[in-house]
Structures are given as C-alpha cells and as structure tokens.
>>> print(open('run.txt').read())   # compact mmCIF, C-alpha atoms (C1' of nucleotides)
# COMPACT_ATOMS: atom_id res chain seq x y z
CA LEU K 1 -128.87 -34.96 -73.97
CA LEU K 2 -128.96 -33.59 -77.48
CA SER K 3 -126.48 -36.19 -78.67
CA CYS K 4 -128.46 -38.89 -76.91
CA ASN K 5 -131.55 -37.80 -78.77
CA PHE K 6 -129.66 -37.86 -82.01
CA LEU K 7 -128.25 -41.31 -81.29
CA MET K 8 -131.56 -42.74 -80.17
CA ASN K 9 -133.22 -41.47 -83.30
CA ARG K 10 -130.58 -43.16 -85.44
CA LEU K 11 -131.04 -46.40 -83.55
CA VAL K 12 -134.78 -46.28 -84.10
CA GLU K 13 -134.27 -45.66 -87.80
CA HIS K 14 -132.12 -48.75 -87.92
CA SER K 15 -134.67 -50.75 -85.97
CA LYS K 16 -132.40 -51.08 -82.95
CA LEU K 17 -135.43 -50.36 -80.85
CA ASP K 18 -134.42 -52.10 -77.66
CA THR K 19 -131.09 -50.33 -77.62
CA ALA K 20 -132.85 -47.02 -77.97
CA VAL K 21 -135.10 -47.80 -75.04
CA VAL K 22 -132.11 -48.89 -72.94
CA ILE K 23 -130.44 -45.56 -73.58
CA TYR K 24 -133.60 -43.79 -72.57
CA LYS K 25 -133.67 -45.68 -69.28
CA GLN K 26 -129.98 -44.99 -68.70
CA LEU K 27 -130.59 -41.32 -69.28
CA LYS K 28 -133.10 -41.22 -66.54
CA LEU K 29 -130.91 -43.25 -64.19
CA LEU K 30 -128.15 -40.75 -64.72
CA GLY K 31 -130.50 -38.05 -63.60
CA LEU K 32 -130.80 -36.39 -67.00
CA ARG K 33 -134.18 -34.91 -67.74
CA PRO K 34 -135.47 -36.07 -71.10
CA ASN K 35 -136.95 -33.25 -73.14
CA VAL K 36 -139.86 -33.22 -75.54
CA TYR K 37 -137.63 -34.50 -78.35
CA THR K 38 -136.51 -37.47 -76.29
CA TYR K 39 -140.07 -38.45 -75.49
CA GLY K 40 -141.08 -38.16 -79.11
CA ILE K 41 -138.33 -40.53 -80.15
CA VAL K 42 -139.25 -42.97 -77.40
CA ILE K 43 -142.88 -42.96 -78.50
CA LYS K 44 -141.72 -43.68 -82.02
CA ALA K 45 -139.59 -46.56 -80.76
CA PHE K 46 -142.48 -48.18 -78.92
CA CYS K 47 -144.76 -47.74 -81.91
CA ARG K 48 -142.23 -49.45 -84.16
CA LYS K 49 -142.07 -52.27 -81.66
CA SER K 50 -145.85 -52.53 -82.00
CA ASN K 51 -146.05 -51.71 -78.35
CA LEU K 52 -148.73 -49.07 -78.61
CA GLU K 53 -149.69 -49.32 -74.99
CA GLU K 54 -146.18 -48.46 -73.85
CA ALA K 55 -146.13 -45.68 -76.39
CA PHE K 56 -149.24 -44.23 -74.87
CA ASN K 57 -147.83 -44.59 -71.36
CA VAL K 58 -145.03 -42.24 -72.31
CA PHE K 59 -147.58 -39.42 -72.28
CA GLY K 60 -148.16 -40.26 -68.63
CA GLU K 61 -144.43 -40.15 -67.93
CA MET K 62 -144.28 -36.79 -69.60
CA GLU K 63 -146.98 -35.43 -67.41
CA GLU K 64 -145.19 -36.68 -64.30
CA SER K 65 -142.01 -34.96 -65.39
CA GLY K 66 -143.84 -31.81 -66.30
CA VAL K 67 -142.92 -31.95 -69.99
CA ALA K 68 -145.78 -30.85 -72.21
CA PRO K 69 -146.29 -32.90 -75.37
CA ASN K 70 -146.21 -31.01 -78.65
CA ALA K 71 -147.66 -31.63 -82.08
CA TYR K 72 -144.80 -33.97 -82.95
CA THR K 73 -145.35 -36.24 -79.97
CA TYR K 74 -149.05 -36.46 -80.63
CA CYS K 75 -148.70 -37.09 -84.32
CA ILE K 76 -146.03 -39.74 -84.02
CA TYR K 77 -148.40 -41.70 -81.80
CA LEU K 78 -151.30 -41.26 -84.21
CA GLU K 79 -149.01 -42.48 -86.94
CA GLY K 80 -148.11 -45.53 -84.87
CA LEU K 81 -151.78 -46.41 -84.58
CA CYS K 82 -152.29 -45.98 -88.31
CA GLU K 83 -149.32 -48.16 -89.14
CA HIS K 84 -151.00 -50.92 -87.19
CA SER K 85 -154.23 -50.68 -89.14
CA MET K 86 -155.93 -48.74 -86.43
CA SER K 87 -156.68 -45.65 -88.44
CA ALA K 88 -160.27 -45.47 -87.28
CA PHE K 89 -159.12 -45.46 -83.68
CA SER K 90 -156.42 -42.98 -84.54
CA TYR K 91 -159.03 -40.66 -85.96
CA GLU K 92 -161.12 -40.97 -82.81
CA VAL K 93 -158.14 -40.10 -80.68
CA LEU K 94 -157.43 -37.15 -82.92
CA GLN K 95 -160.98 -35.89 -82.51
CA VAL K 96 -160.84 -36.23 -78.75
CA TRP K 97 -157.56 -34.35 -78.64
CA LYS K 98 -158.99 -31.74 -80.91
CA SER K 99 -161.92 -31.22 -78.56
CA GLU K 100 -159.41 -30.76 -75.76
CA SER K 101 -157.63 -28.10 -77.79
CA VAL K 102 -154.53 -30.23 -78.07
CA PRO K 103 -152.17 -28.87 -80.73
CA VAL K 104 -152.16 -31.62 -83.33
CA GLY K 105 -152.11 -29.42 -86.37
CA VAL K 106 -152.66 -30.29 -89.99
CA TYR K 107 -150.02 -32.97 -89.93
CA GLY K 108 -152.14 -35.11 -87.63
CA TYR K 109 -154.90 -35.11 -90.21
CA THR K 110 -152.51 -36.03 -92.97
CA VAL K 111 -151.37 -38.99 -90.92
CA VAL K 112 -154.92 -40.24 -90.49
CA ILE K 113 -155.76 -39.73 -94.16
CA ARG K 114 -152.70 -41.72 -95.14
CA GLY K 115 -153.67 -44.39 -92.66
CA PHE K 116 -157.15 -44.79 -94.11
CA VAL K 117 -155.71 -44.83 -97.60
CA ARG K 118 -153.35 -47.60 -96.67
CA GLU K 119 -156.26 -49.60 -95.34
CA ASN K 120 -158.10 -48.92 -98.61
CA LYS K 121 -160.76 -46.95 -96.81
CA LEU K 122 -161.04 -44.12 -99.26
CA LYS K 123 -164.47 -42.99 -98.14
CA GLU K 124 -163.19 -42.53 -94.64
CA ALA K 125 -160.09 -40.76 -95.89
CA GLU K 126 -162.19 -38.31 -97.80
CA MET K 127 -164.41 -37.75 -94.78
CA VAL K 128 -161.37 -36.60 -92.87
CA LEU K 129 -160.58 -34.11 -95.57
CA ILE K 130 -164.14 -32.78 -95.50
CA ASP K 131 -163.93 -32.60 -91.73
CA MET K 132 -160.84 -30.43 -92.06
CA GLU K 133 -162.57 -28.09 -94.45
CA GLN K 134 -165.56 -27.76 -92.17
CA GLN K 135 -163.27 -26.82 -89.35
CA GLY K 136 -161.66 -24.20 -91.49
CA LEU K 137 -158.29 -25.93 -91.40
CA PHE K 138 -155.94 -25.40 -94.29
CA VAL K 139 -155.88 -28.61 -96.30
CA ASP K 140 -152.35 -28.68 -97.58
CA GLU K 141 -150.78 -30.49 -100.51
CA TYR K 142 -149.77 -33.41 -98.31
CA CYS K 143 -153.38 -34.10 -97.37
CA TYR K 144 -154.46 -33.92 -100.97
CA GLY K 145 -151.46 -35.92 -102.05
CA ALA K 146 -152.29 -38.74 -99.66
CA LEU K 147 -155.87 -38.91 -100.88
CA ILE K 148 -154.91 -38.63 -104.54
CA GLN K 149 -152.51 -41.48 -104.05
CA GLY K 150 -155.36 -43.55 -102.68
CA TYR K 151 -157.56 -42.96 -105.71
CA CYS K 152 -154.66 -43.57 -108.05
CA LYS K 153 -153.91 -46.86 -106.40
CA ALA K 154 -157.56 -47.79 -106.82
CA GLY K 155 -157.35 -46.88 -110.51
CA ASN K 156 -159.88 -44.09 -110.11
CA ILE K 157 -158.09 -41.53 -112.23
CA MET K 158 -161.21 -39.40 -112.63
CA LYS K 159 -161.49 -38.85 -108.92
CA ALA K 160 -157.77 -38.21 -108.63
CA ILE K 161 -157.91 -35.53 -111.30
CA THR K 162 -161.02 -34.00 -109.77
CA LEU K 163 -159.19 -33.65 -106.49
CA HIS K 164 -156.18 -32.21 -108.23
CA ASP K 165 -158.38 -29.60 -109.92
CA GLN K 166 -160.00 -28.88 -106.60
CA MET K 167 -156.61 -28.11 -105.15
CA ALA K 168 -155.89 -25.62 -107.88
CA ALA K 169 -159.31 -24.02 -107.38
CA LYS K 170 -158.57 -23.57 -103.70
CA GLY K 171 -155.17 -22.13 -104.34
CA VAL K 172 -153.29 -25.09 -102.90
CA SER K 173 -150.12 -25.46 -104.88
CA THR K 174 -149.50 -28.77 -106.55
CA ASN K 175 -146.10 -30.32 -106.88
CA CYS K 176 -144.25 -32.87 -108.94
CA ILE K 177 -144.90 -35.71 -106.52
CA ILE K 178 -148.65 -35.41 -107.01
CA ILE K 179 -148.17 -35.10 -110.74
CA ASN K 180 -146.05 -38.23 -110.67
CA LEU K 181 -148.88 -40.08 -108.97
CA ILE K 182 -151.33 -39.02 -111.65
CA LEU K 183 -149.05 -39.75 -114.60
CA GLN K 184 -148.21 -43.10 -113.16
CA CYS K 185 -151.85 -43.91 -112.66
CA LEU K 186 -152.61 -43.01 -116.26
CA CYS K 187 -149.90 -45.39 -117.40
CA GLN K 188 -151.15 -48.18 -115.22
CA ILE K 189 -154.66 -48.02 -116.56
CA GLY K 190 -153.40 -48.10 -120.12
CA MET K 191 -153.64 -44.41 -120.91
CA ALA K 192 -149.99 -43.91 -121.60
CA SER K 193 -150.59 -41.43 -124.42
CA GLU K 194 -152.69 -39.29 -122.12
CA ALA K 195 -149.86 -39.44 -119.63
CA VAL K 196 -147.48 -38.16 -122.27
CA ASN K 197 -149.90 -35.34 -123.15
CA GLN K 198 -150.22 -34.34 -119.53
CA PHE K 199 -146.49 -34.49 -119.09
CA ASN K 200 -146.02 -32.08 -121.97
CA ASN K 201 -148.68 -29.77 -120.59
CA PHE K 202 -147.02 -29.63 -117.21
CA LYS K 203 -143.63 -29.15 -118.77
CA ASP K 204 -144.91 -26.29 -120.93
CA SER K 205 -146.52 -24.65 -117.94
CA GLY K 206 -143.11 -24.31 -116.38
CA MET K 207 -143.90 -26.64 -113.50
CA PHE K 208 -140.88 -28.13 -111.82
CA LEU K 209 -140.68 -31.82 -112.69
CA ASP K 210 -138.21 -34.12 -111.03
CA ASP K 211 -136.32 -37.14 -112.24
CA VAL K 212 -139.17 -39.42 -111.25
CA THR K 213 -141.54 -37.51 -113.52
CA TYR K 214 -139.11 -38.05 -116.37
CA ASN K 215 -138.82 -41.74 -115.60
CA VAL K 216 -142.57 -42.10 -115.69
CA ALA K 217 -142.82 -40.17 -118.95
CA ILE K 218 -140.03 -42.17 -120.55
CA ASP K 219 -141.71 -45.33 -119.43
CA ALA K 220 -144.96 -44.14 -121.02
CA LEU K 221 -143.25 -43.31 -124.29
CA CYS K 222 -141.61 -46.71 -124.38
CA LYS K 223 -144.94 -48.38 -123.88
CA LYS K 224 -146.30 -46.48 -126.86
CA GLY K 225 -143.32 -47.64 -128.88
CA LYS K 226 -142.05 -44.09 -129.27
CA LEU K 227 -138.51 -44.98 -128.41
CA ASP K 228 -136.97 -42.07 -130.26
CA GLU K 229 -138.95 -39.57 -128.22
CA ALA K 230 -138.04 -41.42 -125.07
CA VAL K 231 -134.38 -41.13 -125.97
CA SER K 232 -134.65 -37.41 -126.63
CA LEU K 233 -136.20 -36.92 -123.19
CA LEU K 234 -133.40 -38.94 -121.68
CA MET K 235 -130.88 -36.53 -123.16
CA ARG K 236 -131.95 -33.82 -120.69
C1' C C 1 -131.58 -32.75 -81.22
C1' A C 2 -137.32 -35.64 -83.86
C1' G C 3 -141.96 -36.50 -88.40
C1' G C 4 -144.79 -36.15 -94.25
C1' A C 5 -146.73 -38.93 -99.89
C1' U C 6 -144.37 -40.84 -105.93
C1' U C 7 -141.43 -44.56 -110.74
C1' U C 8 -137.96 -48.57 -112.40
C1' C C 9 -144.24 -55.34 -113.59
>>> encode(input="run.txt", output="structure tokens")
Amino acid sequence: LLSCNFLMNRLVEHSKLDTAVVIYKQLKLLGLRPNVYTYGIVIKAFCRKSNLEEAFNVFGEMEESGVAPNAYTYCIYLEGLCEHSMSAFSYEVLQVWKSESVPVGVYGYTVVIRGFVRENKLKEAEMVLIDMEQQGLFVDEYCYGALIQGYCKAGNIMKAITLHDQMAAKGVSTNCIIINLILQCLCQIGMASEAVNQFNNFKDSGMFLDDVTYNVAIDALCKKGKLDEAVSLLMR
RNA sequence: CAGGAUUUC
C-alpha cells in the first residue's frame, strides 16, 4: 500500500490523473484498505481534474471505511477549491469545519489567503489574517508571505513593508523568500536603488539570502547602470 | 507513503 501511495502521488504530479484513480480502484478491488495518505492523494487527483464534487465524495468514502480525515486531507480539498477560484467558498467551508472542531490547522488558513490573493481579493485575504489573530492562532511566515506577495503584485510596497514590520514586531521570523518578494517589488515599481539599499541592510544584518535574492539584487544594480557592482556581487 | 509562497520583461 505504501508503494501504491507513492506511485499514485507521482502519477498525480505528472498529471496522469486517470491512471492514479484506476490504481485507487484496483486497490480496493484487491481488498487493500486505503489509508489516510491514499485518500489524501485521491482527493488531490480529483481536484486537479476539476472534479471537486468527486473530491468531496471521498470524505464520505472515508467515513464508510472508518478512516478519519486529517489536516492534510482537509487542506488539500480547500486548496482544490481555491485553485478553481472558489476561495470564498473555501473560506466558508473552513469556518464550518472550524466550528466543528475539525483539525485544519494554520495551513488551511494559508491556503485560503493564497487563494484570495490569486483572485486579487486582498481585502478578503487580510480579513482571514485578522480572523486568525482574533482566534489566537499563530500567524506564521507562510501566511504573511502569501499576503505580502499579494500586495507586492499589486505594487503596494508600503503595505507590504508594513506587514513585514508587523511580522517582526510579533516575533514571526522573516525569511529570504519574503525579502525576495519585497526587493523584487521595489525593482518593479522603479525603486531599484532602494532595493539595493535594502539588500545591503539585510546582508549586513546577517540574514540568510539565497541565490534568488542575489539575482534580484544584481538585476537592480544592472538597471541602475552599476555594472561593476553587479559583477562584484556575482563573484560570490 | 502525501501538502506551503519568490527572480531571470
């Protein structure tokens, strides 16, 4: 069964969705009992096929077989809804589950925030974050990252930086991916020199910066015509 | 044995 799960997951990743479902059906015909991993992968397969109804029906199958869904199974379904521009519905489902004490965890909220961001519904995305805070949930760097990405994409660098500062104030650690978003946004709105300044600040503060950060910084330097500085950065 | 965001106009 473990190898079947592994295989099915690979098939789903390669969009061989029907094959994955066939294996699932074979499994059951052979009398094997799918476990919570199997069901999660099957839900993902149906979501990728845009068959959200079937995906939801899997929860029913689980109940029949006495397998309790876990946070993964719930969240993968919420994510499926969001990927089909149904973030508002996804959020409603999340709230219902929450009221039923279903274990969705912080990841479920991140999924919904990302969904709203993708639909350019930043107000809604931020509402979700506020909702989390009111419930006393720990808003992690992924939640903030998703929202910051939204404001960056909208060119609202002020808001993005405000959120980033808010993270620091709350003791949520930042990371180079969020910094990349901000630097990139600065470049895109024509503030390349500010991006370079920020890059130097982060570098001096000992923050870990990845190769993407360097690419963004080099790009910024090139745009300012400071090719020599760009080259010296490249050397490391 | 399954899931999370970023550059290369």
>>> atom_distance(input="run.txt", atom1="atom CA of K:Ser85", atom2="atom CA of K:Ile189")
27.6 Å
>>> closest_atom_pairs(input="run.txt", of="chain C", to="chain K", cutoff="6 Å", atoms="all atoms listed in the file", output="Markdown table")
| residue | atom | partner | partner_atom | distance |
| --- | --- | --- | --- | --- |
| C:C1 | C1' | K:Leu2 | CA | 4.6 |
| C:A2 | C1' | K:Tyr37 | CA | 5.6 |
| C:A5 | C1' | K:Ala146 | CA | 5.6 |
| C:U6 | C1' | K:Ile177 | CA | 5.2 |
| C:U7 | C1' | K:Val212 | CA | 5.6 |
>>> atom_distance(input="run.txt", atom1="atom CA of K:Tyr77", atom2="atom CA of K:Glu61")
14.5 Å
>>> atom_distance(input="run.txt", atom1="atom CA of K:Ser205", atom2="atom CA of K:Ala168")
13.8 Å
>>> closest_residue(input="run.txt", among="K:Glu133, K:Val139, K:Val196, K:Leu81", to="K:Val106", atoms="only C-alpha atoms")
K:Val139
>>> closest_residue(input="run.txt", among="K:Asp165, K:Glu194, K:Asp210, K:Asp140", to="C:G4", atoms="all atoms listed in the file")
K:Asp140
>>> residues_around(input="run.txt", residues="K:Tyr151", least_positions_apart="6", cutoff="12 Å", atoms="all atoms listed in the file", output="count of residues only")
26
>>> closest_residue(input="run.txt", among="K:Gly80, K:Gly136, K:Gly225, K:Pro103", to="C:G3", atoms="only C-alpha atoms (C1' of nucleotides)")
K:Gly80
>>> build_atoms(input="run.txt", residues="stretch 42-75 of chain K", atoms="N, CA and C atoms", output="PDB file, keeping the file's coordinate frame")
ATOM      1  N   VAL K  42    -138.896 -41.768 -78.146  1.00  0.00           N
ATOM      2  CA  VAL K  42    -139.250 -42.970 -77.400  1.00  0.00           C
ATOM      3  C   VAL K  42    -140.632 -43.477 -77.827  1.00  0.00           C
ATOM      4  N   ILE K  43    -141.549 -42.556 -78.030  1.00  0.00           N
ATOM      5  CA  ILE K  43    -142.880 -42.960 -78.500  1.00  0.00           C
ATOM      6  C   ILE K  43    -142.758 -43.647 -79.854  1.00  0.00           C
ATOM      7  N   LYS K  44    -141.935 -43.075 -80.704  1.00  0.00           N
ATOM      8  CA  LYS K  44    -141.720 -43.680 -82.020  1.00  0.00           C
ATOM      9  C   LYS K  44    -141.148 -45.086 -81.883  1.00  0.00           C
ATOM     10  N   ALA K  45    -140.200 -45.248 -80.969  1.00  0.00           N
ATOM     11  CA  ALA K  45    -139.590 -46.560 -80.760  1.00  0.00           C
ATOM     12  C   ALA K  45    -140.632 -47.590 -80.334  1.00  0.00           C
ATOM     13  N   PHE K  46    -141.462 -47.231 -79.386  1.00  0.00           N
ATOM     14  CA  PHE K  46    -142.480 -48.180 -78.920  1.00  0.00           C
ATOM     15  C   PHE K  46    -143.481 -48.493 -80.026  1.00  0.00           C
ATOM     16  N   CYS K  47    -143.817 -47.486 -80.806  1.00  0.00           N
ATOM     17  CA  CYS K  47    -144.760 -47.740 -81.910  1.00  0.00           C
ATOM     18  C   CYS K  47    -144.150 -48.722 -82.912  1.00  0.00           C
ATOM     19  N   ARG K  48    -142.884 -48.538 -83.219  1.00  0.00           N
ATOM     20  CA  ARG K  48    -142.230 -49.450 -84.160  1.00  0.00           C
ATOM     21  C   ARG K  48    -142.161 -50.873 -83.608  1.00  0.00           C
ATOM     22  N   LYS K  49    -142.084 -50.951 -82.281  1.00  0.00           N
ATOM     23  CA  LYS K  49    -142.070 -52.270 -81.660  1.00  0.00           C
ATOM     24  C   LYS K  49    -143.470 -52.850 -81.553  1.00  0.00           C
ATOM     25  N   SER K  50    -144.436 -52.158 -82.104  1.00  0.00           N
ATOM     26  CA  SER K  50    -145.850 -52.530 -82.000  1.00  0.00           C
ATOM     27  C   SER K  50    -146.329 -52.542 -80.564  1.00  0.00           C
ATOM     28  N   ASN K  51    -145.651 -51.780 -79.748  1.00  0.00           N
ATOM     29  CA  ASN K  51    -146.050 -51.710 -78.350  1.00  0.00           C
ATOM     30  C   ASN K  51    -146.766 -50.382 -78.126  1.00  0.00           C
ATOM     31  N   LEU K  52    -148.004 -50.336 -78.614  1.00  0.00           N
ATOM     32  CA  LEU K  52    -148.730 -49.070 -78.610  1.00  0.00           C
ATOM     33  C   LEU K  52    -149.151 -48.642 -77.220  1.00  0.00           C
ATOM     34  N   GLU K  53    -149.318 -49.649 -76.356  1.00  0.00           N
ATOM     35  CA  GLU K  53    -149.690 -49.320 -74.990  1.00  0.00           C
ATOM     36  C   GLU K  53    -148.556 -48.571 -74.300  1.00  0.00           C
ATOM     37  N   GLU K  54    -147.343 -49.120 -74.435  1.00  0.00           N
ATOM     38  CA  GLU K  54    -146.180 -48.460 -73.850  1.00  0.00           C
ATOM     39  C   GLU K  54    -146.012 -47.065 -74.440  1.00  0.00           C
ATOM     40  N   ALA K  55    -146.249 -46.986 -75.742  1.00  0.00           N
ATOM     41  CA  ALA K  55    -146.130 -45.680 -76.390  1.00  0.00           C
ATOM     42  C   ALA K  55    -147.068 -44.684 -75.732  1.00  0.00           C
ATOM     43  N   PHE K  56    -148.280 -45.132 -75.488  1.00  0.00           N
ATOM     44  CA  PHE K  56    -149.240 -44.230 -74.870  1.00  0.00           C
ATOM     45  C   PHE K  56    -148.837 -43.867 -73.437  1.00  0.00           C
ATOM     46  N   ASN K  57    -148.244 -44.842 -72.748  1.00  0.00           N
ATOM     47  CA  ASN K  57    -147.830 -44.590 -71.360  1.00  0.00           C
ATOM     48  C   ASN K  57    -146.795 -43.486 -71.253  1.00  0.00           C
ATOM     49  N   VAL K  58    -146.052 -43.291 -72.342  1.00  0.00           N
ATOM     50  CA  VAL K  58    -145.030 -42.240 -72.310  1.00  0.00           C
ATOM     51  C   VAL K  58    -145.676 -40.883 -72.046  1.00  0.00           C
ATOM     52  N   PHE K  59    -146.895 -40.694 -72.545  1.00  0.00           N
ATOM     53  CA  PHE K  59    -147.580 -39.420 -72.280  1.00  0.00           C
ATOM     54  C   PHE K  59    -147.761 -39.217 -70.772  1.00  0.00           C
ATOM     55  N   GLY K  60    -148.031 -40.329 -70.076  1.00  0.00           N
ATOM     56  CA  GLY K  60    -148.160 -40.260 -68.630  1.00  0.00           C
ATOM     57  C   GLY K  60    -146.839 -39.871 -67.975  1.00  0.00           C
ATOM     58  N   GLU K  61    -145.760 -40.485 -68.465  1.00  0.00           N
ATOM     59  CA  GLU K  61    -144.430 -40.150 -67.930  1.00  0.00           C
ATOM     60  C   GLU K  61    -144.115 -38.681 -68.147  1.00  0.00           C
ATOM     61  N   MET K  62    -144.537 -38.197 -69.308  1.00  0.00           N
ATOM     62  CA  MET K  62    -144.280 -36.790 -69.600  1.00  0.00           C
ATOM     63  C   MET K  62    -144.986 -35.895 -68.605  1.00  0.00           C
ATOM     64  N   GLU K  63    -146.217 -36.253 -68.338  1.00  0.00           N
ATOM     65  CA  GLU K  63    -146.980 -35.430 -67.410  1.00  0.00           C
ATOM     66  C   GLU K  63    -146.316 -35.412 -66.026  1.00  0.00           C
ATOM     67  N   GLU K  64    -145.860 -36.606 -65.606  1.00  0.00           N
ATOM     68  CA  GLU K  64    -145.190 -36.680 -64.300  1.00  0.00           C
ATOM     69  C   GLU K  64    -143.957 -35.795 -64.249  1.00  0.00           C
ATOM     70  N   SER K  65    -143.243 -35.757 -65.387  1.00  0.00           N
ATOM     71  CA  SER K  65    -142.010 -34.960 -65.390  1.00  0.00           C
ATOM     72  C   SER K  65    -142.262 -33.507 -65.765  1.00  0.00           C
ATOM     73  N   GLY K  66    -143.524 -33.202 -66.000  1.00  0.00           N
ATOM     74  CA  GLY K  66    -143.840 -31.810 -66.300  1.00  0.00           C
ATOM     75  C   GLY K  66    -143.386 -31.359 -67.676  1.00  0.00           C
ATOM     76  N   VAL K  67    -143.266 -32.317 -68.613  1.00  0.00           N
ATOM     77  CA  VAL K  67    -142.920 -31.950 -69.990  1.00  0.00           C
ATOM     78  C   VAL K  67    -144.193 -31.996 -70.826  1.00  0.00           C
ATOM     79  N   ALA K  68    -144.545 -30.899 -71.431  1.00  0.00           N
ATOM     80  CA  ALA K  68    -145.780 -30.850 -72.210  1.00  0.00           C
ATOM     81  C   ALA K  68    -145.540 -31.428 -73.602  1.00  0.00           C
ATOM     82  N   PRO K  69    -146.399 -32.353 -74.022  1.00  0.00           N
ATOM     83  CA  PRO K  69    -146.290 -32.900 -75.370  1.00  0.00           C
ATOM     84  C   PRO K  69    -146.510 -31.794 -76.408  1.00  0.00           C
ATOM     85  N   ASN K  70    -145.940 -31.959 -77.568  1.00  0.00           N
ATOM     86  CA  ASN K  70    -146.210 -31.010 -78.650  1.00  0.00           C
ATOM     87  C   ASN K  70    -146.821 -31.752 -79.834  1.00  0.00           C
ATOM     88  N   ALA K  71    -147.016 -31.035 -80.914  1.00  0.00           N
ATOM     89  CA  ALA K  71    -147.660 -31.630 -82.080  1.00  0.00           C
ATOM     90  C   ALA K  71    -146.898 -32.876 -82.552  1.00  0.00           C
ATOM     91  N   TYR K  72    -145.593 -32.819 -82.505  1.00  0.00           N
ATOM     92  CA  TYR K  72    -144.800 -33.970 -82.950  1.00  0.00           C
ATOM     93  C   TYR K  72    -145.115 -35.218 -82.141  1.00  0.00           C
ATOM     94  N   THR K  73    -145.097 -35.077 -80.827  1.00  0.00           N
ATOM     95  CA  THR K  73    -145.350 -36.240 -79.970  1.00  0.00           C
ATOM     96  C   THR K  73    -146.729 -36.828 -80.230  1.00  0.00           C
ATOM     97  N   TYR K  74    -147.704 -35.963 -80.361  1.00  0.00           N
ATOM     98  CA  TYR K  74    -149.050 -36.460 -80.630  1.00  0.00           C
ATOM     99  C   TYR K  74    -149.132 -37.177 -81.976  1.00  0.00           C
ATOM    100  N   CYS K  75    -148.554 -36.542 -82.968  1.00  0.00           N
ATOM    101  CA  CYS K  75    -148.700 -37.090 -84.320  1.00  0.00           C
ATOM    102  C   CYS K  75    -147.938 -38.393 -84.511  1.00  0.00           C
TER     103      CYS K  75
END
